[in-house]
Amino acid sequence: MTLAPPVTREGGTITATIQDSPGMRMLYTALNHLDDAAERLQLSPSIHRVLRSCERTLKVALPVEMDNGEIEVFTGYRVQHTNARGPGKGGVRYHADVSLDEVTALAQLMTWKCAVLDLPYSGAKGGISVSPQNLSEKELRRLTRRYTYAIMPIIGPKKDIPAPDVNTDERTMAWMSDTYSMLQGIAAQEIVTGKPIALGGSLGRADSTGLGVAIITESTLKRYGELVEGATVVVQGFGKVGYWAAHYLAQDGCKIIAISDVSGGYYNPNGLDPEAMLKYTKSSPTRTLEGYSVPGLERVTNEELLCLKCDVLIPAALEDQITSLNADHIQAKYIVEGANGPTSSTADKILHARGIITVPDILANAGGVTVSYFEWVQGLQAFLWDLDTVRKNMRRFMDTAFQQVCDLSDSRHVSLRQGAFMLGVSRVADAIEQRGIFP
Ligand code: GLU
């Protein structure tokens, strides 16, 4: 099935179909949103052309000695979209489906996200095509060190600052920071963010993406005249974004009626307890929710979970979950995107036409990179903030961005996604125009 008519990309043609890889569809979606914003902003074709391209793309082969003595070769990427507003910033993900298309799309989304939050960064992203659950800790450490070495020519505290993303965490960042520092012969902890506290990490970084999703969910409910207390919420994904979003929303009185992880969906119309579910995963042999059971609980598929009747649906797993195939069946009033790129551009149009309000990823999940920014600032100044200072500043940045996106969407009569893209794209375009094209 064809998702939409072809659009041109860098002089060529890009047609994404439902059979295409998730990465290809994501890139297509990202470019569609950029094109839409460019048209509404009446951006000059020259600047639009610059924004459609990626400034630097690095693909690396990563030979790693496995525990059994064999050598496996993995493929890694680091993509820097632009350097218009500051050094590159963005996570590194470890997943079997990582591809150049996906990393390119994610780097572009980071550019718009940083610009919407008015952070002095440009977008970048990295990834390794690997199933991390099949590697031992030692293999993962060797892979991470080799990857850091391989991308070292293009990263740096004032060049491009990696961070955690899907299947990477503070342990990964500790290895990256150590590898970079050892090879450079300096203490350069500010090379990455999302580090352990003991290595210069920031208080409040670990739960920041999920907390940001909760803040934006509550602001959205209030803006549209809904009560936070008792609002029904469905969360797809129970990783660091989904869990913390569910935790903070439950704490503020929302009723979390469904949660899913790789083992499937868990639905209870009377409400679920995210704390108890997390505790269960810690002691379960598979480290998942498989086997979790409480009175009133129903098992649902991932597909059924997305289509449950609720006030708020939070897709906080992977990209391309809400597509032309299921957008007609979504019953949520609001969608708050915890994941990057969970909604295809065709689905986005269907949801908008059906009156479902979607808060886009580049606003909704920006709490993580916002606190990454604070971590980087603390590292550069060698001066650590207390948790209260981190939280207050995070809320200030999130509230300001939310208000600016809402104001622009209202004044231009566009969706929140279109408003967010217009805000982000206009800020980056403005920076490029003021700097001029080198030389
Ligand atoms: N991976 C996160 C994101 O997609 C955080 C990036 C960062 O902190 O640099 O926003």
# chains A, B, ... in the order shown; residues from 1 in each chain; ligands from 1
>>> residues_near_ligand(ligand="ligand 1", cutoff="8 Å", atoms="only C-alpha atoms and all ligand atoms", output="list of chain:residue names")
A:Lys89, A:Gly90, A:Gly91, A:Val92, A:Arg93, A:Leu106, A:Met110, A:Lys113, A:Ile161, A:Pro162, A:Ala163, A:Pro164, A:Asp165, A:Val166, A:Thr193, A:Gly194, A:Thr209, A:Ala339, A:Asn340, A:Ile362, A:Asn365, A:Ala366, A:Gly367, A:Gly368, A:Val369, A:Thr370, A:Val371, A:Ser372, A:Tyr373
>>> write_last_selection(atoms="N, CA, C and O atoms", output="short mmCIF file (atom, residue, chain, number, x, y, z; two decimals), in the first residue's frame")
data_model
loop_
_atom_site.label_atom_id
_atom_site.label_comp_id
_atom_site.auth_asym_id
_atom_site.auth_seq_id
_atom_site.Cartn_x
_atom_site.Cartn_y
_atom_site.Cartn_z
N LYS A 89 23.96 17.23 18.97
CA LYS A 89 23.50 16.60 20.22
C LYS A 89 22.51 15.51 19.87
O LYS A 89 21.61 15.72 19.05
N GLY A 90 22.65 14.37 20.50
CA GLY A 90 21.67 13.30 20.26
C GLY A 90 22.19 11.96 20.75
O GLY A 90 23.39 11.78 20.95
N GLY A 91 21.27 11.06 20.94
CA GLY A 91 21.58 9.77 21.55
C GLY A 91 22.26 8.78 20.62
O GLY A 91 22.49 9.05 19.44
N VAL A 92 22.59 7.65 21.23
CA VAL A 92 23.14 6.50 20.50
C VAL A 92 22.25 5.31 20.83
O VAL A 92 22.02 5.03 22.02
N ARG A 93 21.72 4.64 19.82
CA ARG A 93 20.85 3.50 20.11
C ARG A 93 21.45 2.18 19.64
O ARG A 93 22.16 2.15 18.63
N LEU A 106 16.38 10.43 12.73
CA LEU A 106 16.46 10.77 14.15
C LEU A 106 17.35 11.99 14.39
O LEU A 106 17.09 12.81 15.26
N MET A 110 16.27 15.51 16.12
CA MET A 110 17.02 16.17 17.21
C MET A 110 17.24 17.65 16.93
O MET A 110 17.21 18.48 17.84
N LYS A 113 13.97 19.32 17.70
CA LYS A 113 13.70 19.24 19.14
C LYS A 113 14.53 20.27 19.91
O LYS A 113 14.01 21.02 20.74
N ILE A 161 27.91 15.84 21.01
CA ILE A 161 27.86 15.25 22.36
C ILE A 161 26.82 14.13 22.40
O ILE A 161 25.62 14.40 22.47
N PRO A 162 27.25 12.86 22.35
CA PRO A 162 26.30 11.75 22.40
C PRO A 162 25.61 11.61 23.77
O PRO A 162 26.04 12.21 24.77
N ALA A 163 24.58 10.78 23.81
CA ALA A 163 23.78 10.57 25.03
C ALA A 163 23.08 9.21 24.90
O ALA A 163 23.14 8.59 23.83
N PRO A 164 22.41 8.75 25.95
CA PRO A 164 21.69 7.47 25.83
C PRO A 164 20.45 7.58 24.93
O PRO A 164 19.90 8.66 24.75
N ASP A 165 20.05 6.47 24.38
CA ASP A 165 18.81 6.36 23.62
C ASP A 165 18.31 4.92 23.82
O ASP A 165 18.62 4.31 24.85
N VAL A 166 17.63 4.35 22.84
CA VAL A 166 17.07 3.00 22.99
C VAL A 166 18.19 1.99 23.30
O VAL A 166 19.18 1.92 22.57
N THR A 193 26.46 13.05 27.69
CA THR A 193 25.55 13.34 28.81
C THR A 193 24.78 12.05 29.11
O THR A 193 24.83 11.10 28.34
N GLY A 194 24.10 12.06 30.26
CA GLY A 194 23.43 10.84 30.70
C GLY A 194 24.40 9.90 31.39
O GLY A 194 24.23 8.69 31.40
N THR A 209 13.28 12.26 30.74
CA THR A 209 12.44 12.17 29.54
C THR A 209 11.01 11.81 29.95
O THR A 209 10.04 12.45 29.50
N ALA A 339 8.07 8.34 22.46
CA ALA A 339 9.10 7.81 21.55
C ALA A 339 9.40 8.85 20.47
O ALA A 339 8.66 9.82 20.31
N ASN A 340 10.47 8.63 19.73
CA ASN A 340 10.77 9.48 18.57
C ASN A 340 10.10 8.86 17.34
O ASN A 340 10.29 7.67 17.07
N ILE A 362 8.98 16.01 19.21
CA ILE A 362 10.01 17.05 19.33
C ILE A 362 9.70 18.05 20.44
O ILE A 362 10.53 18.86 20.81
N ASN A 365 8.90 14.70 24.21
CA ASN A 365 9.96 13.92 24.87
C ASN A 365 11.27 14.71 25.02
O ASN A 365 12.34 14.13 25.20
N ALA A 366 11.16 16.03 24.98
CA ALA A 366 12.37 16.87 25.03
C ALA A 366 12.94 17.06 26.43
O ALA A 366 13.98 17.71 26.59
N GLY A 367 12.29 16.50 27.44
CA GLY A 367 12.82 16.65 28.82
C GLY A 367 14.21 16.04 28.94
O GLY A 367 15.06 16.56 29.68
N GLY A 368 14.47 14.95 28.22
CA GLY A 368 15.75 14.26 28.31
C GLY A 368 16.89 15.14 27.80
O GLY A 368 17.89 15.37 28.50
N VAL A 369 16.73 15.66 26.60
CA VAL A 369 17.82 16.47 26.04
C VAL A 369 17.95 17.80 26.79
O VAL A 369 19.04 18.37 26.87
N THR A 370 16.86 18.27 27.37
CA THR A 370 16.93 19.51 28.15
C THR A 370 17.83 19.31 29.37
O THR A 370 18.71 20.14 29.65
N VAL A 371 17.63 18.19 30.08
CA VAL A 371 18.49 17.95 31.24
C VAL A 371 19.90 17.54 30.79
O VAL A 371 20.89 17.82 31.47
N SER A 372 20.01 16.95 29.59
CA SER A 372 21.35 16.71 29.03
C SER A 372 22.09 18.04 28.87
O SER A 372 23.29 18.14 29.13
N TYR A 373 21.36 19.03 28.41
CA TYR A 373 21.95 20.37 28.25
C TYR A 373 22.45 20.89 29.60
O TYR A 373 23.58 21.38 29.71
#
>>> residues_around(residues="A:Thr217", least_positions_apart="3", cutoff="10 Å", atoms="only C-alpha atoms", output="JSON, numbers by chain")
{"A": [211, 212, 213, 214, 220, 221, 222, 223, 228, 233, 245, 249, 312, 313, 314, 334, 335, 336, 337, 359, 364]}
>>> write_last_selection(atoms="all heavy atoms", output="short mmCIF file (atom, residue, chain, number, x, y, z; two decimals), in the first residue's frame")
data_model
loop_
_atom_site.label_atom_id
_atom_site.label_comp_id
_atom_site.auth_asym_id
_atom_site.auth_seq_id
_atom_site.Cartn_x
_atom_site.Cartn_y
_atom_site.Cartn_z
N LEU A 211 9.62 12.22 32.92
CA LEU A 211 9.03 13.33 33.69
C LEU A 211 8.56 14.42 32.73
O LEU A 211 7.47 14.99 32.90
CB LEU A 211 10.06 13.89 34.68
CG LEU A 211 9.66 15.16 35.44
CD1 LEU A 211 8.39 14.95 36.27
CD2 LEU A 211 10.79 15.64 36.36
N GLY A 212 9.35 14.70 31.71
CA GLY A 212 8.96 15.70 30.71
C GLY A 212 7.67 15.30 29.99
O GLY A 212 6.79 16.13 29.75
N VAL A 213 7.55 14.01 29.68
CA VAL A 213 6.33 13.52 29.03
C VAL A 213 5.13 13.74 29.96
O VAL A 213 4.06 14.18 29.53
CB VAL A 213 6.47 12.02 28.65
CG1 VAL A 213 5.13 11.44 28.20
CG2 VAL A 213 7.51 11.84 27.55
N ALA A 214 5.34 13.48 31.26
CA ALA A 214 4.25 13.69 32.23
C ALA A 214 3.89 15.17 32.33
O ALA A 214 2.70 15.53 32.35
CB ALA A 214 4.66 13.13 33.59
N THR A 220 -1.19 19.57 28.57
CA THR A 220 -2.14 19.37 27.46
C THR A 220 -3.55 19.19 28.01
O THR A 220 -4.50 19.82 27.52
CB THR A 220 -1.72 18.14 26.63
OG1 THR A 220 -0.37 18.31 26.22
CG2 THR A 220 -2.61 17.97 25.40
N LEU A 221 -3.68 18.33 29.01
CA LEU A 221 -5.01 18.10 29.59
C LEU A 221 -5.59 19.42 30.09
O LEU A 221 -6.75 19.75 29.80
CB LEU A 221 -4.91 17.08 30.73
CG LEU A 221 -4.67 15.63 30.31
CD1 LEU A 221 -4.30 14.76 31.51
CD2 LEU A 221 -5.89 15.04 29.60
N LYS A 222 -4.77 20.20 30.80
CA LYS A 222 -5.26 21.48 31.36
C LYS A 222 -5.65 22.45 30.24
O LYS A 222 -6.68 23.10 30.30
CB LYS A 222 -4.20 22.11 32.25
CG LYS A 222 -4.08 21.37 33.59
CD LYS A 222 -3.00 22.00 34.46
CE LYS A 222 -2.64 21.05 35.59
NZ LYS A 222 -1.28 21.18 36.07
N ARG A 223 -4.82 22.50 29.22
CA ARG A 223 -5.09 23.44 28.11
C ARG A 223 -6.43 23.16 27.44
O ARG A 223 -7.12 24.06 26.99
CB ARG A 223 -3.97 23.34 27.08
CG ARG A 223 -4.19 24.20 25.85
CD ARG A 223 -3.03 24.07 24.90
NE ARG A 223 -3.46 24.24 23.53
CZ ARG A 223 -3.56 25.38 22.90
NH1 ARG A 223 -3.23 26.48 23.52
NH2 ARG A 223 -3.98 25.43 21.66
N VAL A 228 -6.73 16.44 35.31
CA VAL A 228 -5.62 15.48 35.40
C VAL A 228 -6.05 14.31 36.28
O VAL A 228 -5.87 13.14 35.94
CB VAL A 228 -4.36 16.17 35.98
CG1 VAL A 228 -3.26 15.16 36.28
CG2 VAL A 228 -3.85 17.25 35.01
N VAL A 233 -5.02 6.79 31.12
CA VAL A 233 -3.80 6.85 30.31
C VAL A 233 -3.34 5.45 29.91
O VAL A 233 -3.34 4.53 30.74
CB VAL A 233 -2.66 7.54 31.12
CG1 VAL A 233 -1.36 7.58 30.31
CG2 VAL A 233 -3.05 8.94 31.57
N ALA A 245 7.09 8.11 32.88
CA ALA A 245 5.88 8.87 32.55
C ALA A 245 4.70 8.31 33.35
O ALA A 245 3.94 9.07 33.97
CB ALA A 245 5.61 8.81 31.05
N LEU A 249 2.63 10.36 36.26
CA LEU A 249 1.21 10.63 36.00
C LEU A 249 0.34 9.94 37.05
O LEU A 249 -0.66 10.51 37.51
CB LEU A 249 0.83 10.17 34.58
CG LEU A 249 1.40 11.07 33.48
CD1 LEU A 249 1.23 10.43 32.10
CD2 LEU A 249 0.71 12.44 33.50
N VAL A 312 -5.62 9.62 27.25
CA VAL A 312 -4.29 9.89 26.69
C VAL A 312 -3.58 8.58 26.31
O VAL A 312 -3.51 7.65 27.12
CB VAL A 312 -3.38 10.63 27.71
CG1 VAL A 312 -2.05 11.02 27.07
CG2 VAL A 312 -4.07 11.84 28.31
N LEU A 313 -3.07 8.54 25.10
CA LEU A 313 -2.23 7.43 24.66
C LEU A 313 -0.79 7.94 24.59
O LEU A 313 -0.53 8.96 23.94
CB LEU A 313 -2.69 6.93 23.28
CG LEU A 313 -1.76 5.94 22.57
CD1 LEU A 313 -1.63 4.64 23.35
CD2 LEU A 313 -2.28 5.65 21.15
N ILE A 314 0.12 7.23 25.26
CA ILE A 314 1.54 7.64 25.23
C ILE A 314 2.35 6.53 24.54
O ILE A 314 2.69 5.54 25.18
CB ILE A 314 2.07 7.89 26.66
CG1 ILE A 314 1.24 8.99 27.33
CG2 ILE A 314 3.55 8.27 26.62
CD1 ILE A 314 1.67 9.36 28.73
N TYR A 334 -6.15 12.24 23.23
CA TYR A 334 -4.85 12.91 23.09
C TYR A 334 -3.76 11.86 22.92
O TYR A 334 -3.82 10.81 23.56
CB TYR A 334 -4.52 13.74 24.36
CG TYR A 334 -5.62 14.70 24.71
CD1 TYR A 334 -6.61 14.33 25.63
CD2 TYR A 334 -5.70 15.95 24.11
CE1 TYR A 334 -7.65 15.20 25.93
CE2 TYR A 334 -6.73 16.81 24.41
CZ TYR A 334 -7.71 16.43 25.32
OH TYR A 334 -8.74 17.29 25.61
N ILE A 335 -2.78 12.18 22.08
CA ILE A 335 -1.61 11.31 21.96
C ILE A 335 -0.40 12.17 22.34
O ILE A 335 -0.22 13.28 21.82
CB ILE A 335 -1.45 10.78 20.52
CG1 ILE A 335 -2.67 9.92 20.16
CG2 ILE A 335 -0.16 9.99 20.36
CD1 ILE A 335 -2.69 9.41 18.73
N VAL A 336 0.40 11.67 23.26
CA VAL A 336 1.61 12.40 23.67
C VAL A 336 2.80 11.49 23.33
O VAL A 336 2.93 10.41 23.89
CB VAL A 336 1.57 12.75 25.17
CG1 VAL A 336 2.82 13.53 25.57
CG2 VAL A 336 0.32 13.58 25.50
N GLU A 337 3.63 11.92 22.39
CA GLU A 337 4.65 11.03 21.83
C GLU A 337 5.91 10.96 22.71
O GLU A 337 6.77 11.84 22.66
CB GLU A 337 5.03 11.49 20.42
CG GLU A 337 3.85 11.36 19.45
CD GLU A 337 4.20 11.72 18.02
OE1 GLU A 337 5.18 12.49 17.81
OE2 GLU A 337 3.51 11.25 17.10
N VAL A 359 0.50 15.59 20.61
CA VAL A 359 1.65 16.42 21.01
C VAL A 359 2.88 15.73 20.45
O VAL A 359 3.18 14.58 20.80
CB VAL A 359 1.77 16.57 22.54
CG1 VAL A 359 2.85 17.59 22.87
CG2 VAL A 359 0.44 16.97 23.15
N ALA A 364 7.19 16.74 23.16
CA ALA A 364 6.76 15.90 24.29
C ALA A 364 7.91 15.17 24.98
O ALA A 364 7.90 15.00 26.19
CB ALA A 364 5.72 14.89 23.82
#
>>> select_by_dssp(residues="stretch 99-279 of chain A", states="helix (DSSP H, G or I)", output="MDAnalysis selection string")
chainID A and resid 100:116 132:134 137:154 170:184 189:191 197:199 208:223 240:251 274:279
>>> closest_residue(among="A:Val390, A:Ala174, A:Ala231, A:Ala382", to="A:Lys333", atoms="only C-alpha atoms")
A:Ala231
>>> closest_residue(among="A:Ile216, A:Val405, A:Ile128, A:Leu31", to="A:Thr168", atoms="only C-alpha atoms")
A:Ile128
>>> select_by_dssp(residues="stretch 234-437 of chain A", states="strand (DSSP E)", output="ChimeraX atom specification")
/A:234-236,255-261,264-267,298-300,310-315,332-336,357-359
>>> closest_residue(among="A:Gln80, A:Pro196, A:Ala96, A:Glu65", to="A:Arg141", atoms="only C-alpha atoms")
A:Glu65
>>> atom_distance(atom1="atom CA of A:Thr104", atom2="atom CA of A:Ala124")
8.1 Å
>>> residues_around(residues="A:Thr82", least_positions_apart="2", cutoff="9 Å", atoms="only C-alpha atoms", output="JSON list (two decimals) with all heavy atoms, in the first residue's frame")
[["chain", "number", "residue", "atom", "x", "y", "z"],
["A", 50, "VAL", "N", 19.10, 23.16, 2.09],
["A", 50, "VAL", "CA", 20.15, 22.91, 3.11],
["A", 50, "VAL", "C", 19.57, 22.05, 4.23],
["A", 50, "VAL", "O", 20.17, 21.08, 4.68],
["A", 50, "VAL", "CB", 20.70, 24.25, 3.68],
["A", 50, "VAL", "CG1", 21.68, 23.99, 4.81],
["A", 50, "VAL", "CG2", 21.35, 25.07, 2.58],
["A", 51, "LEU", "N", 18.36, 22.40, 4.67],
["A", 51, "LEU", "CA", 17.76, 21.70, 5.80],
["A", 51, "LEU", "C", 17.40, 20.25, 5.48],
["A", 51, "LEU", "O", 17.33, 19.41, 6.36],
["A", 51, "LEU", "CB", 16.51, 22.44, 6.29],
["A", 51, "LEU", "CG", 16.75, 23.83, 6.87],
["A", 51, "LEU", "CD1", 15.43, 24.49, 7.27],
["A", 51, "LEU", "CD2", 17.67, 23.75, 8.08],
["A", 53, "SER", "N", 19.20, 18.26, 3.73],
["A", 53, "SER", "CA", 20.39, 17.41, 3.62],
["A", 53, "SER", "C", 21.03, 17.25, 5.00],
["A", 53, "SER", "O", 20.75, 18.01, 5.91],
["A", 53, "SER", "CB", 21.39, 18.07, 2.66],
["A", 53, "SER", "OG", 21.64, 19.37, 3.10],
["A", 54, "CYS", "N", 21.88, 16.24, 5.11],
["A", 54, "CYS", "CA", 22.59, 16.01, 6.37],
["A", 54, "CYS", "C", 24.05, 16.36, 6.17],
["A", 54, "CYS", "O", 24.69, 15.90, 5.23],
["A", 54, "CYS", "CB", 22.46, 14.55, 6.80],
["A", 54, "CYS", "SG", 21.14, 14.35, 7.95],
["A", 55, "GLU", "N", 24.57, 17.16, 7.11],
["A", 55, "GLU", "CA", 25.90, 17.71, 6.92],
["A", 55, "GLU", "C", 27.00, 16.64, 6.95],
["A", 55, "GLU", "O", 27.95, 16.69, 6.17],
["A", 55, "GLU", "CB", 26.16, 18.73, 8.02],
["A", 55, "GLU", "CG", 27.42, 19.48, 7.81],
["A", 55, "GLU", "CD", 27.48, 20.68, 8.72],
["A", 55, "GLU", "OE1", 26.54, 21.49, 8.70],
["A", 55, "GLU", "OE2", 28.45, 20.81, 9.46],
["A", 56, "ARG", "N", 26.89, 15.69, 7.85],
["A", 56, "ARG", "CA", 27.97, 14.70, 7.96],
["A", 56, "ARG", "C", 27.39, 13.35, 8.35],
["A", 56, "ARG", "O", 26.59, 13.25, 9.28],
["A", 56, "ARG", "CB", 28.98, 15.16, 9.02],
["A", 56, "ARG", "CG", 30.25, 14.35, 9.04],
["A", 56, "ARG", "CD", 31.32, 14.96, 9.93],
["A", 56, "ARG", "NE", 31.93, 16.16, 9.36],
["A", 56, "ARG", "CZ", 31.87, 17.37, 9.87],
["A", 56, "ARG", "NH1", 31.21, 17.57, 10.99],
["A", 56, "ARG", "NH2", 32.46, 18.39, 9.30],
["A", 80, "GLN", "N", 25.35, 13.79, 11.66],
["A", 80, "GLN", "CA", 25.17, 15.17, 12.15],
["A", 80, "GLN", "C", 24.36, 15.91, 11.10],
["A", 80, "GLN", "O", 24.80, 16.05, 9.96],
["A", 80, "GLN", "CB", 26.53, 15.83, 12.38],
["A", 80, "GLN", "CG", 27.32, 15.13, 13.50],
["A", 80, "GLN", "CD", 28.80, 15.47, 13.52],
["A", 80, "GLN", "OE1", 29.31, 16.09, 12.58],
["A", 80, "GLN", "NE2", 29.49, 15.04, 14.56],
["A", 84, "ALA", "N", 24.14, 24.42, 12.60],
["A", 84, "ALA", "CA", 23.66, 25.81, 12.57],
["A", 84, "ALA", "C", 23.59, 26.48, 13.93],
["A", 84, "ALA", "O", 23.98, 27.63, 14.09],
["A", 84, "ALA", "CB", 22.30, 25.86, 11.89],
["A", 85, "ARG", "N", 23.06, 25.78, 14.93],
["A", 85, "ARG", "CA", 22.78, 26.46, 16.21],
["A", 85, "ARG", "C", 23.72, 26.04, 17.33],
["A", 85, "ARG", "O", 23.51, 26.41, 18.49],
["A", 85, "ARG", "CB", 21.33, 26.15, 16.64],
["A", 85, "ARG", "CG", 20.28, 26.95, 15.87],
["A", 85, "ARG", "CD", 18.88, 26.50, 16.21],
["A", 85, "ARG", "NE", 18.64, 26.38, 17.63],
["A", 85, "ARG", "CZ", 18.15, 27.35, 18.42],
["A", 85, "ARG", "NH1", 17.85, 28.53, 17.90],
["A", 85, "ARG", "NH2", 17.96, 27.15, 19.71],
["A", 86, "GLY", "N", 24.75, 25.25, 17.00],
["A", 86, "GLY", "CA", 25.68, 24.82, 18.05],
["A", 86, "GLY", "C", 26.15, 23.41, 17.76],
["A", 86, "GLY", "O", 25.86, 22.86, 16.70],
["A", 87, "PRO", "N", 26.89, 22.82, 18.73],
["A", 87, "PRO", "CA", 27.39, 21.47, 18.48],
["A", 87, "PRO", "C", 26.26, 20.46, 18.32],
["A", 87, "PRO", "O", 25.14, 20.70, 18.75],
["A", 87, "PRO", "CB", 28.22, 21.17, 19.75],
["A", 87, "PRO", "CG", 27.80, 22.17, 20.77],
["A", 87, "PRO", "CD", 27.29, 23.36, 20.03],
["A", 88, "GLY", "N", 26.58, 19.33, 17.70],
["A", 88, "GLY", "CA", 25.59, 18.27, 17.53],
["A", 88, "GLY", "C", 25.21, 17.67, 18.87],
["A", 88, "GLY", "O", 26.02, 17.62, 19.80],
["A", 107, "ALA", "N", 18.43, 12.12, 13.57],
["A", 107, "ALA", "CA", 19.31, 13.30, 13.69],
["A", 107, "ALA", "C", 18.52, 14.57, 13.33],
["A", 107, "ALA", "O", 18.64, 15.60, 13.99],
["A", 107, "ALA", "CB", 20.52, 13.14, 12.78],
["A", 108, "GLN", "N", 17.70, 14.48, 12.29],
["A", 108, "GLN", "CA", 16.89, 15.65, 11.91],
["A", 108, "GLN", "C", 15.91, 16.01, 13.03],
["A", 108, "GLN", "O", 15.74, 17.18, 13.37],
["A", 108, "GLN", "CB", 16.11, 15.35, 10.63],
["A", 108, "GLN", "CG", 17.01, 15.20, 9.42],
["A", 108, "GLN", "CD", 16.23, 15.15, 8.12],
["A", 108, "GLN", "OE1", 15.04, 15.43, 8.08],
["A", 108, "GLN", "NE2", 16.90, 14.78, 7.04],
["A", 111, "THR", "N", 17.48, 17.99, 15.65],
["A", 111, "THR", "CA", 17.67, 19.41, 15.31],
["A", 111, "THR", "C", 16.42, 20.21, 15.68],
["A", 111, "THR", "O", 16.49, 21.26, 16.31],
["A", 111, "THR", "CB", 17.92, 19.57, 13.79],
["A", 111, "THR", "OG1", 19.12, 18.89, 13.46],
["A", 111, "THR", "CG2", 18.04, 21.03, 13.40],
["A", 122, "SER", "N", 22.65, 21.58, 17.66],
["A", 122, "SER", "CA", 22.11, 21.10, 16.40],
["A", 122, "SER", "C", 21.88, 19.60, 16.58],
["A", 122, "SER", "O", 22.37, 19.01, 17.53],
["A", 122, "SER", "CB", 23.11, 21.36, 15.28],
["A", 122, "SER", "OG", 23.44, 22.74, 15.27],
["A", 123, "GLY", "N", 21.17, 19.00, 15.65],
["A", 123, "GLY", "CA", 20.79, 17.60, 15.84],
["A", 123, "GLY", "C", 21.83, 16.61, 15.33],
["A", 123, "GLY", "O", 22.47, 16.82, 14.29],
["A", 124, "ALA", "N", 22.00, 15.53, 16.09],
["A", 124, "ALA", "CA", 22.86, 14.43, 15.65],
["A", 124, "ALA", "C", 22.25, 13.14, 16.21],
["A", 124, "ALA", "O", 21.37, 13.19, 17.07],
["A", 124, "ALA", "CB", 24.27, 14.62, 16.20]]
>>> closest_residue(among="A:Leu380, A:Glu137, A:Asp410, A:Glu72", to="A:Ala187", atoms="only C-alpha atoms")
A:Leu380
>>> residues_around(residues="A:Asp386", least_positions_apart="5", cutoff="10 Å", atoms="only C-alpha atoms", output="MDAnalysis selection string")
chainID A and resid 202:204 391
>>> write_last_selection(atoms="all heavy atoms", output="compact mmCIF listing (two decimals), in the first residue's frame")
# COMPACT_ATOMS: atom_id res chain seq x y z
N SER A 202 24.23 14.46 35.79
CA SER A 202 23.41 15.45 36.48
C SER A 202 22.33 14.77 37.31
O SER A 202 21.74 13.78 36.87
CB SER A 202 22.74 16.37 35.47
OG SER A 202 21.87 17.27 36.13
N LEU A 203 22.06 15.33 38.47
CA LEU A 203 20.88 14.90 39.21
C LEU A 203 19.68 15.14 38.30
O LEU A 203 19.65 16.10 37.54
CB LEU A 203 20.74 15.71 40.51
CG LEU A 203 21.85 15.47 41.55
CD1 LEU A 203 21.73 16.50 42.68
CD2 LEU A 203 21.78 14.05 42.10
N GLY A 204 18.72 14.26 38.36
CA GLY A 204 17.48 14.47 37.61
C GLY A 204 17.55 14.12 36.14
O GLY A 204 16.62 14.37 35.39
N ARG A 391 15.30 20.62 38.33
CA ARG A 391 13.85 20.45 38.10
C ARG A 391 13.18 21.79 37.74
O ARG A 391 12.34 21.86 36.85
CB ARG A 391 13.18 19.89 39.35
CG ARG A 391 13.55 18.45 39.63
CD ARG A 391 12.59 17.51 38.91
NE ARG A 391 12.51 16.25 39.60
CZ ARG A 391 13.20 15.16 39.28
NH1 ARG A 391 14.00 15.18 38.24
NH2 ARG A 391 13.07 14.04 39.96
